[in-house]
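Here the structure comes first, spelled out in structure tokens, and everything after it is commentary.
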Amino acid sequence: ETLSISLTNELRSPKLITFAPPADFTGLTGMVLNVSARFNEPLLASTLNGGFKVESPGPDDQFGTADDQVMAFTVATESSNRYVLNLQQPLPRAFYRVTALTNLTDLFGNRLLNPTNWIFAVRVPLQWVGGDGLWNDPTHWSEPRTPNRYDFVRITPSAPAIVSVDPGNSEFSIHDLISTQPFIINSRADFTIGTSADFYKR
């Protein structure tokens, strides 16, 4: 008789199953985030530290430009196939791109077939400044810009204020909104809130 040995496990490449934070996650400054990746099988320990890359786009918030920054980290094994990337936390305000590289190798020497990356963000709450005004006026925000889909927006003036949406702008996207004062949205505006909106009446 001929002895047949299955080599299925040895011939397949490892696969990234889940990762954290999830793609497009936005957290607030001061939070300690779990940055991790889980694969369908254990990986060779000697390939872990060189198998991931964590980048920040720098002041311009655009990846692929001259001011991109590579972040320092170490990798620890949390379980047989889940790995934690230990960065200096809490992370400062920025976008972060984590990449699982093809030099990640399983116990049989098989490499990850394709690099996989995901982006998350850490943001400072963007606060409304002053009294009545237009949403799209940068001078009314705590940073000289208008909110975007990654922002936690806080409209909490000490006295009642009306925040109006300029009818010339039809679309606005933010991550989260808390308002304690009157807030008027122009009827022609399309307002998208990614997670939640809380309104309080004093």
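Chain identifiers are assigned as A, B, and so on, following the order in which chains appear in the structure tokens; residues are numbered from 1 within each chain, and ligands are numbered from 1 in order of appearance.
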Would you please extract all strand (DSSP E) residues from segment 7-189 of chain A, as assigned by DSSP on the backbone, and give them as a JSON list (two decimals) with N, CA, C and O atoms, in the first residue's frame?
```json
[["chain", "number", "residue", "atom", "x", "y", "z"],
["A", 16, "LEU", "N", -5.75, 36.91, 6.57],
["A", 16, "LEU", "CA", -6.17, 37.86, 7.60],
["A", 16, "LEU", "C", -7.69, 37.78, 7.73],
["A", 16, "LEU", "O", -8.41, 37.99, 6.75],
["A", 17, "ILE", "N", -8.19, 37.47, 8.93],
["A", 17, "ILE", "CA", -9.62, 37.26, 9.13],
["A", 17, "ILE", "C", -10.31, 38.53, 9.64],
["A", 17, "ILE", "O", -11.29, 39.01, 9.07],
["A", 18, "THR", "N", -9.80, 39.10, 10.72],
["A", 18, "THR", "CA", -10.37, 40.33, 11.29],
["A", 18, "THR", "C", -9.24, 41.22, 11.79],
["A", 18, "THR", "O", -8.12, 40.75, 12.01],
["A", 19, "PHE", "N", -9.56, 42.48, 11.99],
["A", 19, "PHE", "CA", -8.57, 43.41, 12.53],
["A", 19, "PHE", "C", -9.29, 44.48, 13.34],
["A", 19, "PHE", "O", -10.50, 44.69, 13.22],
["A", 20, "ALA", "N", -8.51, 45.13, 14.20],
["A", 20, "ALA", "CA", -9.05, 46.19, 15.06],
["A", 20, "ALA", "C", -8.02, 47.31, 15.17],
["A", 20, "ALA", "O", -6.82, 47.04, 15.16],
["A", 26, "THR", "N", -13.29, 55.83, 14.14],
["A", 26, "THR", "CA", -12.79, 57.10, 14.65],
["A", 26, "THR", "C", -12.89, 57.11, 16.17],
["A", 26, "THR", "O", -13.97, 56.87, 16.72],
["A", 27, "GLY", "N", -11.77, 57.38, 16.83],
["A", 27, "GLY", "CA", -11.75, 57.46, 18.28],
["A", 27, "GLY", "C", -11.32, 58.84, 18.72],
["A", 27, "GLY", "O", -10.77, 59.62, 17.94],
["A", 28, "LEU", "N", -11.61, 59.16, 19.98],
["A", 28, "LEU", "CA", -11.24, 60.45, 20.54],
["A", 28, "LEU", "C", -9.85, 60.40, 21.15],
["A", 28, "LEU", "O", -9.42, 59.35, 21.65],
["A", 36, "SER", "N", -4.99, 45.33, 16.57],
["A", 36, "SER", "CA", -4.68, 43.91, 16.50],
["A", 36, "SER", "C", -5.14, 43.31, 15.18],
["A", 36, "SER", "O", -5.91, 43.92, 14.43],
["A", 37, "ALA", "N", -4.66, 42.10, 14.90],
["A", 37, "ALA", "CA", -5.03, 41.37, 13.69],
["A", 37, "ALA", "C", -5.16, 39.89, 14.02],
["A", 37, "ALA", "O", -4.35, 39.34, 14.78],
["A", 38, "ARG", "N", -6.18, 39.26, 13.45],
["A", 38, "ARG", "CA", -6.39, 37.82, 13.67],
["A", 38, "ARG", "C", -6.33, 37.10, 12.33],
["A", 38, "ARG", "O", -6.94, 37.54, 11.34],
["A", 39, "PHE", "N", -5.62, 35.99, 12.30],
["A", 39, "PHE", "CA", -5.43, 35.21, 11.08],
["A", 39, "PHE", "C", -6.11, 33.85, 11.23],
["A", 39, "PHE", "O", -6.54, 33.48, 12.32],
["A", 52, "PHE", "N", 4.34, 43.83, 9.86],
["A", 52, "PHE", "CA", 3.33, 44.87, 9.89],
["A", 52, "PHE", "C", 3.98, 46.22, 9.70],
["A", 52, "PHE", "O", 5.17, 46.41, 9.97],
["A", 53, "LYS", "N", 3.18, 47.19, 9.27],
["A", 53, "LYS", "CA", 3.64, 48.56, 9.13],
["A", 53, "LYS", "C", 2.52, 49.48, 9.59],
["A", 53, "LYS", "O", 1.35, 49.26, 9.25],
["A", 54, "VAL", "N", 2.87, 50.49, 10.39],
["A", 54, "VAL", "CA", 1.89, 51.47, 10.85],
["A", 54, "VAL", "C", 2.39, 52.85, 10.44],
["A", 54, "VAL", "O", 3.52, 53.23, 10.75],
["A", 55, "GLU", "N", 1.55, 53.59, 9.72],
["A", 55, "GLU", "CA", 1.93, 54.91, 9.21],
["A", 55, "GLU", "C", 0.90, 55.96, 9.61],
["A", 55, "GLU", "O", -0.28, 55.66, 9.78],
["A", 56, "SER", "N", 1.39, 57.19, 9.72],
["A", 56, "SER", "CA", 0.54, 58.37, 9.88],
["A", 56, "SER", "C", 0.86, 59.32, 8.73],
["A", 56, "SER", "O", 2.02, 59.42, 8.33],
["A", 69, "GLN", "N", 4.69, 59.59, 8.15],
["A", 69, "GLN", "CA", 5.53, 59.14, 9.25],
["A", 69, "GLN", "C", 5.28, 57.67, 9.53],
["A", 69, "GLN", "O", 4.14, 57.22, 9.59],
["A", 70, "VAL", "N", 6.36, 56.90, 9.72],
["A", 70, "VAL", "CA", 6.27, 55.50, 10.09],
["A", 70, "VAL", "C", 6.31, 55.42, 11.61],
["A", 70, "VAL", "O", 7.19, 56.00, 12.25],
["A", 74, "THR", "N", 5.75, 47.34, 18.69],
["A", 74, "THR", "CA", 6.15, 45.94, 18.83],
["A", 74, "THR", "C", 4.90, 45.08, 18.66],
["A", 74, "THR", "O", 3.77, 45.58, 18.77],
["A", 75, "VAL", "N", 5.09, 43.81, 18.39],
["A", 75, "VAL", "CA", 3.97, 42.89, 18.21],
["A", 75, "VAL", "C", 4.01, 41.82, 19.29],
["A", 75, "VAL", "O", 5.07, 41.24, 19.56],
["A", 76, "ALA", "N", 2.87, 41.58, 19.91],
["A", 76, "ALA", "CA", 2.76, 40.53, 20.93],
["A", 76, "ALA", "C", 1.69, 39.53, 20.51],
["A", 76, "ALA", "O", 0.70, 39.89, 19.84],
["A", 77, "THR", "N", 1.87, 38.27, 20.89],
["A", 77, "THR", "CA", 0.90, 37.23, 20.59],
["A", 77, "THR", "C", -0.15, 37.20, 21.68],
["A", 77, "THR", "O", 0.17, 36.98, 22.86],
["A", 82, "ARG", "N", -3.93, 35.44, 17.02],
["A", 82, "ARG", "CA", -4.28, 36.86, 17.15],
["A", 82, "ARG", "C", -3.08, 37.62, 17.70],
["A", 82, "ARG", "O", -2.47, 37.21, 18.69],
["A", 83, "TYR", "N", -2.78, 38.76, 17.05],
["A", 83, "TYR", "CA", -1.56, 39.48, 17.36],
["A", 83, "TYR", "C", -1.87, 40.95, 17.63],
["A", 83, "TYR", "O", -2.64, 41.57, 16.90],
["A", 84, "VAL", "N", -1.28, 41.49, 18.69],
["A", 84, "VAL", "CA", -1.53, 42.86, 19.12],
["A", 84, "VAL", "C", -0.34, 43.73, 18.76],
["A", 84, "VAL", "O", 0.82, 43.37, 19.04],
["A", 85, "LEU", "N", -0.61, 44.89, 18.14],
["A", 85, "LEU", "CA", 0.43, 45.86, 17.82],
["A", 85, "LEU", "C", 0.47, 46.89, 18.94],
["A", 85, "LEU", "O", -0.49, 47.62, 19.16],
["A", 86, "ASN", "N", 1.57, 46.91, 19.66],
["A", 86, "ASN", "CA", 1.71, 47.81, 20.80],
["A", 86, "ASN", "C", 2.36, 49.11, 20.37],
["A", 86, "ASN", "O", 3.55, 49.17, 20.11],
["A", 94, "ALA", "N", -4.60, 62.00, 14.58],
["A", 94, "ALA", "CA", -4.03, 61.68, 13.27],
["A", 94, "ALA", "C", -4.89, 60.59, 12.63],
["A", 94, "ALA", "O", -5.75, 59.98, 13.28],
["A", 95, "PHE", "N", -4.64, 60.35, 11.35],
["A", 95, "PHE", "CA", -5.11, 59.14, 10.69],
["A", 95, "PHE", "C", -3.99, 58.10, 10.83],
["A", 95, "PHE", "O", -2.80, 58.45, 10.86],
["A", 96, "TYR", "N", -4.36, 56.82, 10.88],
["A", 96, "TYR", "CA", -3.38, 55.75, 10.98],
["A", 96, "TYR", "C", -3.71, 54.66, 9.97],
["A", 96, "TYR", "O", -4.87, 54.26, 9.84],
["A", 97, "ARG", "N", -2.68, 54.20, 9.27],
["A", 97, "ARG", "CA", -2.86, 53.10, 8.32],
["A", 97, "ARG", "C", -2.00, 51.93, 8.77],
["A", 97, "ARG", "O", -0.78, 52.04, 8.90],
["A", 98, "VAL", "N", -2.65, 50.80, 9.03],
["A", 98, "VAL", "CA", -1.95, 49.57, 9.42],
["A", 98, "VAL", "C", -1.93, 48.64, 8.21],
["A", 98, "VAL", "O", -2.95, 48.44, 7.56],
["A", 99, "THR", "N", -0.76, 48.09, 7.92],
["A", 99, "THR", "CA", -0.63, 47.17, 6.79],
["A", 99, "THR", "C", -0.06, 45.84, 7.26],
["A", 99, "THR", "O", 0.96, 45.81, 7.97],
["A", 100, "ALA", "N", -0.73, 44.75, 6.91],
["A", 100, "ALA", "CA", -0.19, 43.40, 7.09],
["A", 100, "ALA", "C", 0.56, 43.06, 5.81],
["A", 100, "ALA", "O", -0.03, 43.03, 4.73],
["A", 116, "THR", "N", -2.48, 43.75, 3.08],
["A", 116, "THR", "CA", -3.81, 44.24, 3.41],
["A", 116, "THR", "C", -3.66, 45.41, 4.38],
["A", 116, "THR", "O", -2.92, 45.32, 5.36],
["A", 117, "ASN", "N", -4.35, 46.52, 4.11],
["A", 117, "ASN", "CA", -4.26, 47.65, 5.03],
["A", 117, "ASN", "C", -5.64, 48.16, 5.42],
["A", 117, "ASN", "O", -6.62, 47.93, 4.71],
["A", 118, "TRP", "N", -5.69, 48.81, 6.56],
["A", 118, "TRP", "CA", -6.92, 49.45, 7.00],
["A", 118, "TRP", "C", -6.55, 50.76, 7.70],
["A", 118, "TRP", "O", -5.46, 50.90, 8.23],
["A", 119, "ILE", "N", -7.47, 51.72, 7.62],
["A", 119, "ILE", "CA", -7.22, 53.06, 8.15],
["A", 119, "ILE", "C", -8.23, 53.38, 9.24],
["A", 119, "ILE", "O", -9.42, 53.11, 9.10],
["A", 120, "PHE", "N", -7.73, 53.94, 10.34],
["A", 120, "PHE", "CA", -8.60, 54.45, 11.39],
["A", 120, "PHE", "C", -8.10, 55.84, 11.78],
["A", 120, "PHE", "O", -7.03, 56.27, 11.35],
["A", 121, "ALA", "N", -8.87, 56.53, 12.60],
["A", 121, "ALA", "CA", -8.53, 57.91, 12.94],
["A", 121, "ALA", "C", -8.66, 58.16, 14.43],
["A", 121, "ALA", "O", -9.45, 57.51, 15.11],
["A", 122, "VAL", "N", -7.87, 59.08, 14.92],
["A", 122, "VAL", "CA", -8.00, 59.60, 16.28],
["A", 122, "VAL", "C", -8.18, 61.11, 16.15],
["A", 122, "VAL", "O", -7.37, 61.78, 15.50],
["A", 123, "ARG", "N", -9.24, 61.62, 16.72],
["A", 123, "ARG", "CA", -9.58, 63.02, 16.52],
["A", 123, "ARG", "C", -9.79, 63.76, 17.83],
["A", 123, "ARG", "O", -10.22, 63.17, 18.83],
["A", 126, "LEU", "N", -14.22, 68.67, 17.61],
["A", 126, "LEU", "CA", -14.25, 69.97, 16.94],
["A", 126, "LEU", "C", -15.39, 70.79, 17.56],
["A", 126, "LEU", "O", -16.56, 70.43, 17.46],
["A", 127, "GLN", "N", -15.04, 71.87, 18.23],
["A", 127, "GLN", "CA", -15.99, 72.66, 19.00],
["A", 127, "GLN", "C", -16.47, 73.88, 18.22],
["A", 127, "GLN", "O", -15.67, 74.55, 17.55],
["A", 133, "GLY", "N", -24.06, 81.64, 13.64],
["A", 133, "GLY", "CA", -23.16, 81.62, 12.50],
["A", 133, "GLY", "C", -23.46, 80.50, 11.53],
["A", 133, "GLY", "O", -24.39, 79.70, 11.74],
["A", 134, "LEU", "N", -22.66, 80.42, 10.44],
["A", 134, "LEU", "CA", -22.82, 79.41, 9.41],
["A", 134, "LEU", "C", -21.93, 78.20, 9.71],
["A", 134, "LEU", "O", -20.76, 78.35, 10.07],
["A", 152, "PHE", "N", -15.79, 64.43, 15.58],
["A", 152, "PHE", "CA", -16.75, 64.50, 16.68],
["A", 152, "PHE", "C", -17.07, 65.98, 16.87],
["A", 152, "PHE", "O", -16.20, 66.77, 17.26],
["A", 153, "VAL", "N", -18.28, 66.36, 16.59],
["A", 153, "VAL", "CA", -18.67, 67.77, 16.61],
["A", 153, "VAL", "C", -19.41, 68.09, 17.91],
["A", 153, "VAL", "O", -20.32, 67.35, 18.32],
["A", 154, "ARG", "N", -19.02, 69.17, 18.55],
["A", 154, "ARG", "CA", -19.66, 69.62, 19.79],
["A", 154, "ARG", "C", -20.14, 71.06, 19.61],
["A", 154, "ARG", "O", -19.35, 71.96, 19.35],
["A", 155, "ILE", "N", -21.45, 71.26, 19.73],
["A", 155, "ILE", "CA", -22.02, 72.60, 19.66],
["A", 155, "ILE", "C", -22.59, 72.90, 21.03],
["A", 155, "ILE", "O", -23.73, 72.56, 21.36],
["A", 163, "VAL", "N", -26.97, 77.79, 14.74],
["A", 163, "VAL", "CA", -25.99, 77.37, 13.74],
["A", 163, "VAL", "C", -26.77, 77.06, 12.47],
["A", 163, "VAL", "O", -27.61, 76.16, 12.45],
["A", 164, "SER", "N", -26.52, 77.79, 11.42],
["A", 164, "SER", "CA", -27.26, 77.62, 10.17],
["A", 164, "SER", "C", -26.39, 76.97, 9.11],
["A", 164, "SER", "O", -25.17, 77.13, 9.10],
["A", 171, "GLU", "N", -24.30, 69.01, 1.07],
["A", 171, "GLU", "CA", -23.96, 67.76, 1.71],
["A", 171, "GLU", "C", -22.95, 67.98, 2.84],
["A", 171, "GLU", "O", -21.97, 68.69, 2.67],
["A", 172, "PHE", "N", -23.24, 67.37, 4.00],
["A", 172, "PHE", "CA", -22.34, 67.43, 5.14],
["A", 172, "PHE", "C", -22.26, 66.05, 5.77],
["A", 172, "PHE", "O", -23.28, 65.40, 5.94],
["A", 173, "SER", "N", -21.04, 65.61, 6.13],
["A", 173, "SER", "CA", -20.86, 64.32, 6.80],
["A", 173, "SER", "C", -20.00, 64.52, 8.04],
["A", 173, "SER", "O", -18.94, 65.16, 7.96],
["A", 174, "ILE", "N", -20.44, 63.98, 9.16],
["A", 174, "ILE", "CA", -19.66, 64.02, 10.39],
["A", 174, "ILE", "C", -19.78, 62.66, 11.07],
["A", 174, "ILE", "O", -20.64, 61.84, 10.72],
["A", 175, "HIS", "N", -18.93, 62.43, 12.05],
["A", 175, "HIS", "CA", -18.93, 61.14, 12.74],
["A", 175, "HIS", "C", -19.93, 61.11, 13.89],
["A", 175, "HIS", "O", -20.63, 60.13, 14.11],
["A", 176, "ASP", "N", -20.00, 62.20, 14.65],
["A", 176, "ASP", "CA", -20.77, 62.21, 15.88],
["A", 176, "ASP", "C", -21.12, 63.67, 16.20],
["A", 176, "ASP", "O", -20.32, 64.56, 15.92],
["A", 177, "LEU", "N", -22.29, 63.90, 16.76],
["A", 177, "LEU", "CA", -22.73, 65.26, 17.04],
["A", 177, "LEU", "C", -23.39, 65.35, 18.41],
["A", 177, "LEU", "O", -24.25, 64.55, 18.75],
["A", 178, "ILE", "N", -22.96, 66.33, 19.20],
["A", 178, "ILE", "CA", -23.65, 66.68, 20.44],
["A", 178, "ILE", "C", -23.96, 68.17, 20.39],
["A", 178, "ILE", "O", -23.07, 68.98, 20.11],
["A", 179, "SER", "N", -25.22, 68.52, 20.64],
["A", 179, "SER", "CA", -25.63, 69.92, 20.61],
["A", 179, "SER", "C", -26.48, 70.22, 21.84],
["A", 179, "SER", "O", -27.39, 69.45, 22.17]]
```
### Task
Find the spatial neighbours of Pro144 of chain A, counting only C-alpha atoms, within a cut-off of 12 Å - ignore same-chain residues fewer than 6 positions away - and output them as a PyMOL selection string.
chain A and resi 126-129+136-138
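Atom CA of Gly194 of chain A sits 26.0 Å away from atom CA of Gly64 of chain A.
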